[in-house]
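**Student:** Have a peek at final.cif (mmCIF, C-alpha atoms).
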```
data_upload
loop_
_atom_site.group_PDB
_atom_site.id
_atom_site.type_symbol
_atom_site.label_atom_id
_atom_site.label_comp_id
_atom_site.auth_asym_id
_atom_site.auth_seq_id
_atom_site.Cartn_x
_atom_site.Cartn_y
_atom_site.Cartn_z
ATOM 1 C CA MET A 13 -126.265 -26.855 30.870
ATOM 2 C CA TYR A 14 -124.907 -30.267 31.715
ATOM 3 C CA TYR A 15 -122.735 -31.941 29.098
ATOM 4 C CA LEU A 16 -121.343 -35.403 28.440
ATOM 5 C CA LYS A 17 -118.645 -36.075 25.867
ATOM 6 C CA THR A 18 -117.389 -39.297 24.337
ATOM 7 C CA SER A 19 -115.625 -40.347 21.171
ATOM 8 C CA ALA A 20 -115.157 -43.263 18.797
ATOM 9 C CA ALA A 21 -112.918 -43.825 15.792
ATOM 10 C CA PHE A 22 -112.900 -45.680 12.517
ATOM 11 C CA ASP A 23 -110.478 -46.150 9.626
ATOM 12 C CA SER A 24 -111.634 -45.593 6.079
ATOM 13 C CA ALA A 25 -110.636 -44.370 2.656
ATOM 14 C CA HIS A 26 -112.182 -41.561 0.646
ATOM 15 C CA PHE A 27 -111.426 -38.991 -2.022
ATOM 16 C CA LEU A 28 -112.864 -35.606 -2.910
ATOM 17 C CA SER A 29 -114.369 -35.665 -6.367
ATOM 18 C CA GLY A 30 -113.904 -32.421 -8.286
ATOM 19 C CA TYR A 31 -111.257 -31.138 -5.873
ATOM 20 C CA GLN A 32 -108.017 -29.667 -7.244
ATOM 21 C CA GLY A 33 -105.331 -31.013 -4.922
ATOM 22 C CA LYS A 34 -103.949 -34.090 -3.159
ATOM 23 C CA CYS A 35 -107.303 -34.999 -1.606
ATOM 24 C CA SER A 36 -108.745 -35.756 -5.041
ATOM 25 C CA ASN A 37 -106.720 -38.967 -4.897
ATOM 26 C CA LEU A 38 -107.877 -42.007 -2.922
ATOM 27 C CA HIS A 39 -106.428 -41.861 0.611
ATOM 28 C CA GLY A 40 -107.257 -42.947 4.143
ATOM 29 C CA HIS A 41 -107.820 -41.478 7.580
ATOM 30 C CA ARG A 42 -108.284 -42.576 11.146
ATOM 31 C CA TRP A 43 -111.467 -40.555 11.678
ATOM 32 C CA THR A 44 -112.406 -39.688 15.262
ATOM 33 C CA ILE A 45 -115.948 -38.653 16.079
ATOM 34 C CA GLU A 46 -116.322 -36.617 19.265
ATOM 35 C CA VAL A 47 -119.883 -36.116 20.521
ATOM 36 C CA LEU A 48 -121.080 -33.596 23.081
ATOM 37 C CA VAL A 49 -124.613 -34.145 24.397
ATOM 38 C CA GLY A 50 -126.358 -31.932 26.887
ATOM 39 C CA LYS A 51 -129.470 -31.001 28.795
ATOM 40 C CA GLU A 52 -130.439 -28.095 30.980
ATOM 41 C CA THR A 53 -131.698 -30.382 33.723
ATOM 42 C CA LEU A 54 -130.709 -33.769 35.058
ATOM 43 C CA GLN A 55 -133.090 -36.669 35.367
ATOM 44 C CA GLU A 56 -134.792 -36.473 38.727
ATOM 45 C CA VAL A 57 -136.055 -39.988 39.478
ATOM 46 C CA GLY A 58 -135.154 -43.628 39.095
ATOM 47 C CA GLN A 59 -131.923 -45.289 38.140
ATOM 48 C CA MET A 60 -130.881 -42.331 35.985
ATOM 49 C CA ARG A 61 -131.366 -39.745 38.745
ATOM 50 C CA GLY A 62 -128.645 -37.098 38.591
ATOM 51 C CA MET A 63 -127.650 -37.945 35.015
ATOM 52 C CA VAL A 64 -128.036 -36.408 31.573
ATOM 53 C CA LEU A 65 -128.196 -39.955 30.204
ATOM 54 C CA ASP A 66 -126.339 -43.210 30.665
ATOM 55 C CA PHE A 67 -122.774 -42.975 29.316
ATOM 56 C CA GLY A 68 -123.129 -46.588 28.200
ATOM 57 C CA ASP A 69 -126.075 -45.751 25.949
ATOM 58 C CA LEU A 70 -124.198 -42.838 24.392
ATOM 59 C CA LYS A 71 -121.010 -44.854 23.852
ATOM 60 C CA HIS A 72 -122.948 -47.761 22.383
ATOM 61 C CA ALA A 73 -124.825 -45.553 19.901
ATOM 62 C CA LEU A 74 -121.659 -43.789 18.767
ATOM 63 C CA ARG A 75 -119.501 -46.918 18.510
ATOM 64 C CA GLU A 76 -122.181 -48.739 16.560
ATOM 65 C CA LEU A 77 -122.377 -45.817 14.127
ATOM 66 C CA ALA A 78 -118.584 -45.644 13.731
ATOM 67 C CA ALA A 79 -118.371 -49.402 13.168
ATOM 68 C CA CYS A 80 -120.591 -49.097 10.079
ATOM 69 C CA TYR A 81 -117.933 -46.953 8.380
ATOM 70 C CA ASP A 82 -114.863 -48.866 9.514
ATOM 71 C CA HIS A 83 -112.524 -50.164 6.797
ATOM 72 C CA ALA A 84 -114.733 -48.944 3.978
ATOM 73 C CA LEU A 85 -114.247 -46.848 0.895
ATOM 74 C CA ILE A 86 -116.604 -43.917 1.395
ATOM 75 C CA TYR A 87 -117.427 -42.036 -1.762
ATOM 76 C CA GLU A 88 -119.894 -39.419 -2.950
ATOM 77 C CA GLU A 89 -122.783 -40.877 -4.915
ATOM 78 C CA HIS A 90 -122.223 -40.756 -8.692
ATOM 79 C CA SER A 91 -118.551 -39.776 -8.326
ATOM 80 C CA LEU A 92 -117.345 -43.179 -9.538
ATOM 81 C CA HIS A 93 -118.260 -44.901 -12.790
ATOM 82 C CA SER A 94 -120.793 -47.676 -12.259
ATOM 83 C CA THR A 95 -118.322 -50.162 -13.749
ATOM 84 C CA THR A 96 -115.748 -49.140 -11.117
ATOM 85 C CA VAL A 97 -118.265 -49.677 -8.312
ATOM 86 C CA GLU A 98 -119.306 -53.039 -9.774
ATOM 87 C CA ALA A 99 -115.673 -54.175 -10.078
ATOM 88 C CA LEU A 100 -114.850 -53.161 -6.486
ATOM 89 C CA LEU A 101 -117.951 -54.899 -5.173
ATOM 90 C CA ALA A 102 -117.084 -58.014 -7.175
ATOM 91 C CA GLU A 103 -113.700 -58.022 -5.425
ATOM 92 C CA GLY A 104 -115.457 -57.933 -2.062
ATOM 93 C CA PHE A 105 -114.621 -54.376 -1.037
ATOM 94 C CA HIS A 106 -116.812 -52.594 1.518
ATOM 95 C CA LEU A 107 -118.159 -49.485 -0.247
ATOM 96 C CA ILE A 108 -120.369 -46.774 1.210
ATOM 97 C CA ALA A 109 -121.956 -44.224 -1.100
ATOM 98 C CA VAL A 110 -123.012 -41.042 0.669
ATOM 99 C CA PRO A 111 -125.182 -38.218 -0.718
ATOM 100 C CA PHE A 112 -122.558 -35.598 0.126
ATOM 101 C CA ARG A 113 -118.869 -34.911 -0.469
ATOM 102 C CA PRO A 114 -117.126 -36.952 2.280
ATOM 103 C CA THR A 115 -115.423 -34.085 4.099
ATOM 104 C CA ALA A 116 -114.974 -33.695 7.849
ATOM 105 C CA GLU A 117 -117.550 -30.888 7.763
ATOM 106 C CA GLU A 118 -120.188 -33.019 6.051
ATOM 107 C CA PHE A 119 -119.435 -36.011 8.286
ATOM 108 C CA ALA A 120 -119.904 -33.847 11.394
ATOM 109 C CA LYS A 121 -123.391 -32.870 10.230
ATOM 110 C CA HIS A 122 -124.190 -36.432 9.117
ATOM 111 C CA PHE A 123 -123.229 -37.993 12.458
ATOM 112 C CA TYR A 124 -125.061 -35.230 14.344
ATOM 113 C CA GLN A 125 -128.253 -36.069 12.466
ATOM 114 C CA LYS A 126 -127.825 -39.843 12.864
ATOM 115 C CA LEU A 127 -127.398 -39.562 16.644
ATOM 116 C CA GLN A 128 -130.262 -37.103 16.944
ATOM 117 C CA GLU A 129 -132.502 -39.595 15.082
ATOM 118 C CA GLN A 130 -131.673 -42.087 17.853
ATOM 119 C CA GLY A 131 -132.965 -39.659 20.464
ATOM 120 C CA MET A 132 -129.601 -38.436 21.710
ATOM 121 C CA PRO A 133 -129.641 -34.828 23.018
ATOM 122 C CA VAL A 134 -126.784 -33.852 20.696
ATOM 123 C CA HIS A 135 -125.210 -30.440 21.202
ATOM 124 C CA ARG A 136 -122.148 -30.724 18.953
ATOM 125 C CA VAL A 137 -120.329 -33.298 16.842
ATOM 126 C CA THR A 138 -116.665 -32.821 15.977
ATOM 127 C CA VAL A 139 -114.960 -35.017 13.392
ATOM 128 C CA TYR A 140 -111.166 -35.265 13.278
ATOM 129 C CA GLU A 141 -109.632 -36.464 10.038
ATOM 130 C CA THR A 142 -106.154 -36.110 11.549
ATOM 131 C CA PRO A 143 -105.109 -35.536 15.175
ATOM 132 C CA ASP A 144 -104.748 -31.800 14.445
ATOM 133 C CA ASN A 145 -107.547 -31.113 11.934
ATOM 134 C CA CYS A 146 -111.242 -31.248 12.719
ATOM 135 C CA ALA A 147 -114.630 -29.818 11.825
ATOM 136 C CA SER A 148 -117.645 -29.328 14.096
ATOM 137 C CA TYR A 149 -121.371 -29.111 13.560
ATOM 138 C CA GLU A 150 -123.952 -27.815 16.033
ATOM 139 C CA VAL A 151 -127.355 -26.220 15.737
#
```
Starting from the file, give its structure as structure tokens.
**Tutor:**
Amino acid sequence: MYYLKTSAAFDSAHFLSGYQGKCSNLHGHRWTIEVLVGKETLQEVGQMRGMVLDFGDLKHALRELAACYDHALIYEEHSLHSTTVEALLAEGFHLIAVPFRPTAEEFAKHFYQKLQEQGMPVHRVTVYETPDNCASYEV
């Protein structure tokens, strides 16, 4: 197998609804998404000869995805009262409701699927919520 790896980062806030511990409170992270793509063979003809894919295409796709989540409050759908959401939106906050608990594990799977939908030959996605703590997803 041939592999390429790149990463991108974003800053956001989240909390874990229903969790008994510090992470149930609103807090922030500098999330880093590390993506490993791979193929068994390299492209054989044209401009991309000898490559898995263009690093620029991979970096662009990942950075664009990360930018969507930057400086947002990411929360699990239905974990906040509708009046809370309305008040935060009225104040101009960037909110992102996701259909899963916003953990590193769930984000790894989510970003894997998003990149795969774009045609990337994703092998593994690793999401760091701190420099020392990460979760990976691969099929």
**Student:** Find, counting all atoms listed in the file, the residue in A:Asp82, A:Glu52, A:Glu150, A:Glu46 that gets nearest to A:Phe105.
**Tutor:**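 Nearest candidate to A:Phe105 out of A:Asp82, A:Glu52, A:Glu150, A:Glu46: A:Asp82.
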**Student:** Pull out every residue that the PyMOL selection byres ((chain A and resi 66) around 12) matches in the shown coordinates and put them as number ranges by chain.
**Tutor:** A: 15-18, 49-50, 54-55, 59-65, 67-73, 132-133
**Student:** May I ask which of the residues A:Leu85, A:Ser148, A:Glu56, A:Phe22 is the closest one to A:His106, counting only C-alpha atoms?
**Tutor:**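 Between A:Leu85, A:Ser148, A:Glu56, A:Phe22, the residue approaching A:His106 most closely is A:Leu85.
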**Student:** If we count only C-alpha atoms, what is near stretch 34-40 of chain A at a cut-off of 10 Å, once residues fewer than 3 positions away on the same chain are taken out, given as a VMD selection string?
**Tutor:** chain A and resid 23 to 31 43 83 to 87 115 141
**Student:** Using atom CA of A:Ser91 and atom CA of A:Ala120 as the two end points, give the distance in Å to one decimal.
**Tutor:**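 Value for the atom CA of A:Ser91-atom CA of A:Ala120 distance: 20.6 Å.
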**Student:** Rounded to one decimal place, report the atom CA of A:Tyr14-atom CA of A:Leu48 distance in Å.
**Tutor:**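 According to the coordinates, atom CA of A:Tyr14 and atom CA of A:Leu48 are separated by 10.0 Å.
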**Student:** Could you check how far atom CA of A:Pro114 sits from atom CA of A:Ala79, in Å to one decimal?
**Tutor:** 16.6 Å
